[in-house]
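Novice: This is target.txt, which holds compact mmCIF, N, CA and C atoms:
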```txt
# COMPACT_ATOMS: atom_id res chain seq x y z
N MET I 851 3.19 -15.18 -0.31
CA MET I 851 2.90 -13.77 -0.45
C MET I 851 1.53 -13.56 -1.11
N THR I 852 1.04 -14.58 -1.80
CA THR I 852 -0.25 -14.45 -2.48
C THR I 852 -1.37 -14.11 -1.51
N GLU I 853 -1.34 -14.71 -0.33
CA GLU I 853 -2.38 -14.42 0.67
C GLU I 853 -2.35 -12.96 1.11
N GLN I 854 -1.15 -12.38 1.23
CA GLN I 854 -1.04 -10.96 1.58
C GLN I 854 -1.62 -10.09 0.47
N ILE I 855 -1.36 -10.48 -0.77
CA ILE I 855 -1.87 -9.72 -1.91
C ILE I 855 -3.40 -9.80 -1.95
N ILE I 856 -3.94 -10.99 -1.71
CA ILE I 856 -5.40 -11.16 -1.69
C ILE I 856 -6.02 -10.32 -0.58
N ALA I 857 -5.42 -10.37 0.61
CA ALA I 857 -5.94 -9.59 1.74
C ALA I 857 -5.92 -8.10 1.42
N LEU I 858 -4.86 -7.63 0.79
CA LEU I 858 -4.78 -6.21 0.44
C LEU I 858 -5.80 -5.85 -0.63
N ALA I 859 -5.98 -6.71 -1.62
CA ALA I 859 -6.98 -6.46 -2.66
C ALA I 859 -8.38 -6.36 -2.06
N ILE I 860 -8.67 -7.21 -1.08
CA ILE I 860 -9.96 -7.15 -0.40
C ILE I 860 -10.08 -5.85 0.40
N ALA I 861 -9.00 -5.47 1.05
CA ALA I 861 -9.00 -4.20 1.80
C ALA I 861 -9.16 -3.01 0.87
N MET I 862 -8.72 -3.15 -0.37
CA MET I 862 -8.81 -2.06 -1.35
C MET I 862 -10.17 -2.01 -2.02
N GLY I 863 -11.05 -2.96 -1.75
CA GLY I 863 -12.39 -2.85 -2.29
C GLY I 863 -12.99 -4.09 -2.89
N ALA I 864 -12.20 -5.13 -3.14
CA ALA I 864 -12.79 -6.37 -3.64
C ALA I 864 -13.57 -7.01 -2.50
N SER I 865 -14.62 -7.73 -2.84
CA SER I 865 -15.41 -8.35 -1.78
C SER I 865 -14.94 -9.78 -1.57
N GLU I 866 -15.21 -10.28 -0.39
CA GLU I 866 -14.85 -11.66 -0.05
C GLU I 866 -15.53 -12.64 -1.00
N SER I 867 -16.70 -12.29 -1.50
CA SER I 867 -17.43 -13.16 -2.42
C SER I 867 -16.72 -13.29 -3.78
N GLN I 868 -15.78 -12.40 -4.06
CA GLN I 868 -15.03 -12.44 -5.31
C GLN I 868 -13.72 -13.21 -5.16
N ARG I 869 -13.49 -13.79 -4.00
CA ARG I 869 -12.23 -14.46 -3.70
C ARG I 869 -11.87 -15.56 -4.70
N GLU I 870 -12.87 -16.31 -5.18
CA GLU I 870 -12.60 -17.40 -6.11
C GLU I 870 -11.95 -16.89 -7.40
N VAL I 871 -12.36 -15.72 -7.85
CA VAL I 871 -11.77 -15.11 -9.03
C VAL I 871 -10.50 -14.36 -8.66
N LEU I 872 -10.49 -13.77 -7.49
CA LEU I 872 -9.36 -12.96 -7.04
C LEU I 872 -8.09 -13.79 -6.81
N GLU I 873 -8.22 -15.01 -6.32
CA GLU I 873 -7.05 -15.84 -6.02
C GLU I 873 -6.16 -16.07 -7.25
N PRO I 874 -6.70 -16.55 -8.37
CA PRO I 874 -5.81 -16.73 -9.53
C PRO I 874 -5.31 -15.41 -10.10
N LEU I 875 -6.10 -14.34 -9.99
CA LEU I 875 -5.64 -13.04 -10.47
C LEU I 875 -4.45 -12.55 -9.65
N CYS I 876 -4.51 -12.73 -8.33
CA CYS I 876 -3.40 -12.32 -7.46
C CYS I 876 -2.17 -13.18 -7.71
N ALA I 877 -2.36 -14.47 -7.89
CA ALA I 877 -1.23 -15.36 -8.18
C ALA I 877 -0.57 -14.99 -9.50
N ALA I 878 -1.37 -14.68 -10.50
CA ALA I 878 -0.83 -14.29 -11.81
C ALA I 878 -0.09 -12.95 -11.72
N ALA I 879 -0.65 -12.01 -10.96
CA ALA I 879 0.01 -10.71 -10.79
C ALA I 879 1.35 -10.89 -10.07
N GLU I 880 1.36 -11.76 -9.06
CA GLU I 880 2.60 -12.04 -8.33
C GLU I 880 3.66 -12.63 -9.27
N GLN I 881 3.27 -13.57 -10.09
CA GLN I 881 4.20 -14.19 -11.04
C GLN I 881 4.70 -13.19 -12.07
N ALA I 882 3.81 -12.35 -12.57
CA ALA I 882 4.19 -11.37 -13.59
C ALA I 882 5.19 -10.36 -13.03
N LEU I 883 4.93 -9.87 -11.82
CA LEU I 883 5.87 -8.91 -11.23
C LEU I 883 7.19 -9.58 -10.87
N THR I 884 7.14 -10.79 -10.35
CA THR I 884 8.37 -11.51 -10.00
C THR I 884 9.25 -11.70 -11.22
N ALA I 885 8.66 -11.99 -12.36
CA ALA I 885 9.43 -12.20 -13.58
C ALA I 885 10.13 -10.94 -14.07
N GLN I 886 9.65 -9.78 -13.64
CA GLN I 886 10.24 -8.51 -14.08
C GLN I 886 11.27 -7.94 -13.11
N LEU I 887 11.44 -8.58 -11.95
CA LEU I 887 12.37 -8.06 -10.95
C LEU I 887 13.82 -8.14 -11.42
N ARG I 888 14.61 -7.16 -10.99
CA ARG I 888 16.04 -7.17 -11.29
C ARG I 888 16.69 -8.39 -10.64
N PRO I 889 17.79 -8.85 -11.20
CA PRO I 889 18.52 -9.96 -10.56
C PRO I 889 18.90 -9.58 -9.12
N GLY I 890 18.68 -10.50 -8.22
CA GLY I 890 19.00 -10.26 -6.82
C GLY I 890 17.89 -9.64 -6.00
N VAL I 891 16.84 -9.16 -6.66
CA VAL I 891 15.69 -8.57 -5.96
C VAL I 891 14.62 -9.64 -5.84
N THR I 892 14.09 -9.79 -4.64
CA THR I 892 13.02 -10.75 -4.40
C THR I 892 11.74 -10.00 -4.05
N PRO I 893 10.60 -10.65 -4.19
CA PRO I 893 9.35 -9.99 -3.78
C PRO I 893 9.39 -9.56 -2.31
N GLU I 894 10.07 -10.34 -1.47
CA GLU I 894 10.15 -10.01 -0.05
C GLU I 894 11.01 -8.76 0.20
N SER I 895 12.02 -8.53 -0.64
CA SER I 895 12.90 -7.38 -0.42
C SER I 895 12.23 -6.06 -0.80
N CYS I 896 11.14 -6.12 -1.54
CA CYS I 896 10.38 -4.90 -1.90
C CYS I 896 8.90 -5.14 -1.61
N ALA I 897 8.64 -5.81 -0.50
CA ALA I 897 7.30 -6.32 -0.19
C ALA I 897 6.21 -5.25 -0.19
N ASP I 898 6.48 -4.08 0.36
CA ASP I 898 5.44 -3.05 0.42
C ASP I 898 4.97 -2.64 -0.97
N ALA I 899 5.90 -2.26 -1.83
CA ALA I 899 5.54 -1.86 -3.19
C ALA I 899 5.00 -3.06 -3.97
N PHE I 900 5.61 -4.21 -3.78
CA PHE I 900 5.22 -5.41 -4.52
C PHE I 900 3.78 -5.80 -4.24
N THR I 901 3.38 -5.84 -2.98
CA THR I 901 2.02 -6.26 -2.64
C THR I 901 0.98 -5.25 -3.14
N VAL I 902 1.29 -3.96 -3.02
CA VAL I 902 0.36 -2.93 -3.50
C VAL I 902 0.18 -3.06 -5.01
N CYS I 903 1.28 -3.18 -5.74
CA CYS I 903 1.19 -3.26 -7.20
C CYS I 903 0.51 -4.54 -7.66
N ALA I 904 0.82 -5.66 -7.02
CA ALA I 904 0.16 -6.92 -7.38
C ALA I 904 -1.34 -6.85 -7.09
N ALA I 905 -1.72 -6.23 -5.98
CA ALA I 905 -3.14 -6.08 -5.65
C ALA I 905 -3.82 -5.18 -6.68
N TRP I 906 -3.16 -4.09 -7.09
CA TRP I 906 -3.71 -3.22 -8.13
C TRP I 906 -3.93 -4.00 -9.42
N MET I 907 -2.94 -4.80 -9.79
CA MET I 907 -3.05 -5.59 -11.02
C MET I 907 -4.23 -6.56 -10.94
N ALA I 908 -4.38 -7.20 -9.79
CA ALA I 908 -5.49 -8.14 -9.61
C ALA I 908 -6.84 -7.41 -9.64
N LEU I 909 -6.92 -6.27 -8.99
CA LEU I 909 -8.16 -5.49 -9.01
C LEU I 909 -8.50 -5.01 -10.41
N ASP I 910 -7.48 -4.66 -11.17
CA ASP I 910 -7.70 -4.25 -12.55
C ASP I 910 -8.24 -5.42 -13.36
N GLY I 911 -7.68 -6.60 -13.14
CA GLY I 911 -8.19 -7.80 -13.80
C GLY I 911 -9.60 -8.13 -13.39
N LEU I 912 -9.88 -7.94 -12.12
CA LEU I 912 -11.23 -8.19 -11.61
C LEU I 912 -12.22 -7.22 -12.25
N SER I 913 -11.83 -5.98 -12.36
CA SER I 913 -12.68 -4.97 -12.98
C SER I 913 -12.91 -5.28 -14.45
N THR I 914 -11.86 -5.71 -15.13
CA THR I 914 -11.97 -6.06 -16.54
C THR I 914 -12.90 -7.24 -16.74
N ALA I 915 -12.86 -8.17 -15.78
CA ALA I 915 -13.72 -9.35 -15.86
C ALA I 915 -15.17 -9.03 -15.47
N GLY I 916 -15.42 -7.78 -15.11
CA GLY I 916 -16.77 -7.38 -14.75
C GLY I 916 -17.09 -7.59 -13.29
N GLY I 917 -16.07 -7.88 -12.50
CA GLY I 917 -16.32 -8.16 -11.10
C GLY I 917 -16.10 -6.99 -10.18
N GLY I 918 -15.55 -5.92 -10.65
CA GLY I 918 -15.25 -4.83 -9.73
C GLY I 918 -15.73 -3.51 -10.26
N GLY I 919 -16.59 -2.88 -9.57
CA GLY I 919 -17.02 -1.55 -9.91
C GLY I 919 -17.18 -0.73 -8.65
N GLU I 920 -16.92 -1.36 -7.51
CA GLU I 920 -17.15 -0.70 -6.24
C GLU I 920 -16.09 0.36 -5.92
N VAL I 921 -14.83 0.07 -6.23
CA VAL I 921 -13.75 0.98 -5.86
C VAL I 921 -13.79 2.19 -6.77
N THR I 922 -13.90 3.37 -6.19
CA THR I 922 -13.87 4.58 -6.99
C THR I 922 -12.64 5.42 -6.68
N SER I 923 -11.99 5.16 -5.56
CA SER I 923 -10.78 5.90 -5.23
C SER I 923 -10.04 5.18 -4.12
N PHE I 924 -8.71 5.19 -4.22
CA PHE I 924 -7.86 4.62 -3.17
C PHE I 924 -6.58 5.42 -3.14
N THR I 925 -6.15 5.81 -1.95
CA THR I 925 -4.93 6.57 -1.80
C THR I 925 -4.03 5.90 -0.78
N ALA I 926 -2.75 5.74 -1.14
CA ALA I 926 -1.73 5.22 -0.23
C ALA I 926 -0.56 6.19 -0.28
N GLY I 927 -0.49 7.06 0.70
CA GLY I 927 0.56 8.08 0.69
C GLY I 927 0.32 9.05 -0.44
N ASP I 928 1.33 9.22 -1.29
CA ASP I 928 1.21 10.13 -2.43
C ASP I 928 0.66 9.44 -3.68
N VAL I 929 0.41 8.15 -3.61
CA VAL I 929 -0.07 7.40 -4.77
C VAL I 929 -1.56 7.18 -4.62
N SER I 930 -2.31 7.45 -5.69
CA SER I 930 -3.75 7.21 -5.64
C SER I 930 -4.18 6.45 -6.88
N ILE I 931 -5.29 5.75 -6.73
CA ILE I 931 -5.85 4.97 -7.84
C ILE I 931 -7.36 5.12 -7.81
N GLN I 932 -7.96 5.16 -8.99
CA GLN I 932 -9.41 5.22 -9.11
C GLN I 932 -9.85 4.09 -10.01
N ALA I 933 -11.00 3.56 -9.75
CA ALA I 933 -11.57 2.50 -10.60
C ALA I 933 -13.03 2.83 -10.82
N GLY I 934 -13.84 1.82 -11.05
CA GLY I 934 -15.26 2.06 -11.23
C GLY I 934 -15.63 2.26 -12.68
N GLY I 935 -14.97 1.51 -13.57
CA GLY I 935 -15.34 1.57 -14.97
C GLY I 935 -14.74 2.72 -15.73
N SER I 936 -13.69 3.35 -15.20
CA SER I 936 -13.09 4.47 -15.90
C SER I 936 -12.35 4.03 -17.15
N GLY I 937 -11.94 2.74 -17.19
CA GLY I 937 -11.26 2.22 -18.37
C GLY I 937 -9.86 2.76 -18.54
N ASP I 938 -9.26 3.28 -17.49
CA ASP I 938 -7.93 3.88 -17.57
C ASP I 938 -6.87 2.91 -17.07
N SER I 939 -6.82 1.74 -17.62
CA SER I 939 -5.84 0.74 -17.21
C SER I 939 -4.43 1.19 -17.56
N GLY I 940 -4.26 2.03 -18.59
CA GLY I 940 -2.94 2.55 -18.94
C GLY I 940 -2.37 3.42 -17.84
N GLY I 941 -3.23 4.19 -17.18
CA GLY I 941 -2.79 5.02 -16.06
C GLY I 941 -2.36 4.17 -14.88
N LEU I 942 -3.08 3.09 -14.65
CA LEU I 942 -2.73 2.18 -13.58
C LEU I 942 -1.40 1.50 -13.87
N THR I 943 -1.19 1.08 -15.10
CA THR I 943 0.07 0.46 -15.48
C THR I 943 1.22 1.42 -15.27
N ALA I 944 1.03 2.67 -15.60
CA ALA I 944 2.08 3.68 -15.40
C ALA I 944 2.38 3.85 -13.91
N GLN I 945 1.35 3.86 -13.07
CA GLN I 945 1.57 3.97 -11.63
C GLN I 945 2.34 2.77 -11.09
N ILE I 946 1.98 1.59 -11.55
CA ILE I 946 2.67 0.38 -11.12
C ILE I 946 4.13 0.45 -11.54
N GLN I 947 4.39 0.85 -12.77
CA GLN I 947 5.77 0.93 -13.26
C GLN I 947 6.58 1.96 -12.47
N ARG I 948 5.96 3.09 -12.12
CA ARG I 948 6.68 4.10 -11.33
C ARG I 948 6.99 3.59 -9.93
N LEU I 949 6.03 2.95 -9.30
CA LEU I 949 6.22 2.46 -7.93
C LEU I 949 7.25 1.34 -7.88
N MET I 950 7.25 0.48 -8.88
CA MET I 950 8.17 -0.66 -8.91
C MET I 950 9.49 -0.36 -9.61
N ALA I 951 9.64 0.81 -10.19
CA ALA I 951 10.83 1.16 -10.99
C ALA I 951 12.16 0.81 -10.32
N PRO I 952 12.33 1.09 -9.03
CA PRO I 952 13.64 0.77 -8.42
C PRO I 952 13.94 -0.73 -8.37
N TYR I 953 12.93 -1.55 -8.55
CA TYR I 953 13.09 -3.00 -8.37
C TYR I 953 13.02 -3.79 -9.68
N LEU I 954 12.54 -3.16 -10.75
CA LEU I 954 12.34 -3.86 -12.01
C LEU I 954 13.54 -3.71 -12.93
N ARG I 955 13.68 -4.69 -13.82
CA ARG I 955 14.70 -4.60 -14.87
C ARG I 955 14.38 -3.39 -15.72
N ASP I 956 15.41 -2.75 -16.21
CA ASP I 956 15.22 -1.60 -17.08
C ASP I 956 14.91 -2.10 -18.47
N GLY I 957 13.73 -1.81 -18.94
CA GLY I 957 13.33 -2.25 -20.27
C GLY I 957 13.53 -1.16 -21.32
N SER I 958 14.19 -0.08 -20.93
CA SER I 958 14.37 1.03 -21.85
C SER I 958 15.44 0.72 -22.89
N PHE I 959 15.36 1.42 -23.99
CA PHE I 959 16.35 1.30 -25.05
C PHE I 959 17.26 2.52 -24.99
N TYR I 960 18.55 2.30 -25.13
CA TYR I 960 19.46 3.43 -25.16
C TYR I 960 20.68 3.10 -26.01
N PHE I 961 21.35 4.17 -26.51
CA PHE I 961 22.57 4.00 -27.26
C PHE I 961 23.73 4.21 -26.30
N GLN I 962 24.75 3.39 -26.47
CA GLN I 962 25.93 3.56 -25.63
C GLN I 962 27.14 3.58 -26.55
N GLY I 963 27.97 4.60 -26.40
CA GLY I 963 29.19 4.67 -27.17
C GLY I 963 29.01 5.08 -28.62
N VAL I 964 27.92 5.77 -28.92
CA VAL I 964 27.68 6.23 -30.28
C VAL I 964 28.36 7.58 -30.45
N THR I 965 29.23 7.68 -31.45
CA THR I 965 29.89 8.95 -31.71
C THR I 965 29.10 9.74 -32.72
N GLY I 966 29.13 11.02 -32.59
CA GLY I 966 28.33 11.83 -33.51
C GLY I 966 29.13 12.82 -34.13
```
Can you turn what I pasted into structure tokens?
Specialist:
Amino acid sequence: MTEQIIALAIAMGASESQREVLEPLCAAAEQALTAQLRPGVTPESCADAFTVCAAWMALDGLSTAGGGGEVTSFTAGDVSIQAGGSGDSGGLTAQIQRLMAPYLRDGSFYFQGVTG
């Protein structure tokens, strides 16, 4: 799946000349997202959202490393992302979490059975 993520990241604005840096970033993003998946969910079972989010993560890493400033806007359906040195990685993380929410483990804290 890493090759699909790399191809999508390039389609989203990374250049082919950045591939040497992009490959480990995409592999790391794939591993990070896979580790957060709910039991029974595989990257293939949520491939569309998974590849988009992993590519976003890799592009964010590329931008942080100083390699990406070309992408200023990207829209996929109702979801959009902007880059170009805006420094809004928190907004990107929130978009990734929203898109992957149905597939990720719930990391929220809640009380159950508390009487008041």
Novice: Would you work out the distance separating atom C of Arg869 of chain I from atom CA of Asp910 of chain I, expressed in Å to one decimal?
Specialist: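 For atom C of Arg869 of chain I relative to atom CA of Asp910 of chain I, the distance reads 14.4 Å.
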Novice: When distances are computed from all atoms listed in the file, which of I:Gln947, I:Ser895, I:Thr884, I:Thr901 shows the smallest separation from Met851 of chain I?
Specialist: I:Thr901
Novice: Going by DSSP on the backbone, which bits of segment 877-913 of chain I are alpha helix (DSSP H)? Write them as a ChimeraX atom specification, please.
Specialist: /I:877-886,897-913
Novice: Export, as a CSV table (one decimal), in the coordinates of the input, the selected residues with N, CA and C atoms.
Specialist:
```csv
chain,number,residue,atom,x,y,z
I,877,ALA,N,-2.4,-14.5,-7.9
I,877,ALA,CA,-1.2,-15.4,-8.2
I,877,ALA,C,-0.6,-15.0,-9.5
I,878,ALA,N,-1.4,-14.7,-10.5
I,878,ALA,CA,-0.8,-14.3,-11.8
I,878,ALA,C,-0.1,-13.0,-11.7
I,879,ALA,N,-0.6,-12.0,-11.0
I,879,ALA,CA,0.0,-10.7,-10.8
I,879,ALA,C,1.4,-10.9,-10.1
I,880,GLU,N,1.4,-11.8,-9.1
I,880,GLU,CA,2.6,-12.0,-8.3
I,880,GLU,C,3.7,-12.6,-9.3
I,881,GLN,N,3.3,-13.6,-10.1
I,881,GLN,CA,4.2,-14.2,-11.0
I,881,GLN,C,4.7,-13.2,-12.1
I,882,ALA,N,3.8,-12.4,-12.6
I,882,ALA,CA,4.2,-11.4,-13.6
I,882,ALA,C,5.2,-10.4,-13.0
I,883,LEU,N,4.9,-9.9,-11.8
I,883,LEU,CA,5.9,-8.9,-11.2
I,883,LEU,C,7.2,-9.6,-10.9
I,884,THR,N,7.1,-10.8,-10.4
I,884,THR,CA,8.4,-11.5,-10.0
I,884,THR,C,9.2,-11.7,-11.2
I,885,ALA,N,8.7,-12.0,-12.4
I,885,ALA,CA,9.4,-12.2,-13.6
I,885,ALA,C,10.1,-10.9,-14.1
I,886,GLN,N,9.6,-9.8,-13.6
I,886,GLN,CA,10.2,-8.5,-14.1
I,886,GLN,C,11.3,-7.9,-13.1
I,897,ALA,N,8.6,-5.8,-0.5
I,897,ALA,CA,7.3,-6.3,-0.2
I,897,ALA,C,6.2,-5.2,-0.2
I,898,ASP,N,6.5,-4.1,0.4
I,898,ASP,CA,5.4,-3.0,0.4
I,898,ASP,C,5.0,-2.6,-1.0
I,899,ALA,N,5.9,-2.3,-1.8
I,899,ALA,CA,5.5,-1.9,-3.2
I,899,ALA,C,5.0,-3.1,-4.0
I,900,PHE,N,5.6,-4.2,-3.8
I,900,PHE,CA,5.2,-5.4,-4.5
I,900,PHE,C,3.8,-5.8,-4.2
I,901,THR,N,3.4,-5.8,-3.0
I,901,THR,CA,2.0,-6.3,-2.6
I,901,THR,C,1.0,-5.2,-3.1
I,902,VAL,N,1.3,-4.0,-3.0
I,902,VAL,CA,0.4,-2.9,-3.5
I,902,VAL,C,0.2,-3.1,-5.0
I,903,CYS,N,1.3,-3.2,-5.7
I,903,CYS,CA,1.2,-3.3,-7.2
I,903,CYS,C,0.5,-4.5,-7.7
I,904,ALA,N,0.8,-5.7,-7.0
I,904,ALA,CA,0.2,-6.9,-7.4
I,904,ALA,C,-1.3,-6.8,-7.1
I,905,ALA,N,-1.7,-6.2,-6.0
I,905,ALA,CA,-3.1,-6.1,-5.6
I,905,ALA,C,-3.8,-5.2,-6.7
I,906,TRP,N,-3.2,-4.1,-7.1
I,906,TRP,CA,-3.7,-3.2,-8.1
I,906,TRP,C,-3.9,-4.0,-9.4
I,907,MET,N,-2.9,-4.8,-9.8
I,907,MET,CA,-3.0,-5.6,-11.0
I,907,MET,C,-4.2,-6.6,-10.9
I,908,ALA,N,-4.4,-7.2,-9.8
I,908,ALA,CA,-5.5,-8.1,-9.6
I,908,ALA,C,-6.8,-7.4,-9.6
I,909,LEU,N,-6.9,-6.3,-9.0
I,909,LEU,CA,-8.2,-5.5,-9.0
I,909,LEU,C,-8.5,-5.0,-10.4
I,910,ASP,N,-7.5,-4.7,-11.2
I,910,ASP,CA,-7.7,-4.2,-12.6
I,910,ASP,C,-8.2,-5.4,-13.4
I,911,GLY,N,-7.7,-6.6,-13.1
I,911,GLY,CA,-8.2,-7.8,-13.8
I,911,GLY,C,-9.6,-8.1,-13.4
I,912,LEU,N,-9.9,-7.9,-12.1
I,912,LEU,CA,-11.2,-8.2,-11.6
I,912,LEU,C,-12.2,-7.2,-12.2
I,913,SER,N,-11.8,-6.0,-12.4
I,913,SER,CA,-12.7,-5.0,-13.0
I,913,SER,C,-12.9,-5.3,-14.4
```
Novice: What's the 8 Å shell around Ala859 of chain I, counting only N, CA and C atoms, without same-chain residues fewer than 4 positions away, as an NGL selection string?
Specialist: :I and (853-855 or 863-865 or 901-902 or 904-906 or 908-909)
Novice: Would you please work out which residue, of I:Ser867, I:Thr925, I:Gln945, I:Gln886, is nearest to Cys903 of chain I when using only C-alpha atoms?
Specialist: I:Gln945
Novice: One number please: atom N of Gly941 of chain I to atom C of Pro889 of chain I, in Å, one decimal.
Specialist: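 Atom C of Pro889 of chain I lies at a distance of 27.3 Å from atom N of Gly941 of chain I.
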Novice: Mind giving me the straight-line distance from atom CA of Gln881 of chain I to atom C of Leu954 of chain I in Å, one decimal?
Specialist: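 Separation of atom CA of Gln881 of chain I and atom C of Leu954 of chain I: 14.2 Å.
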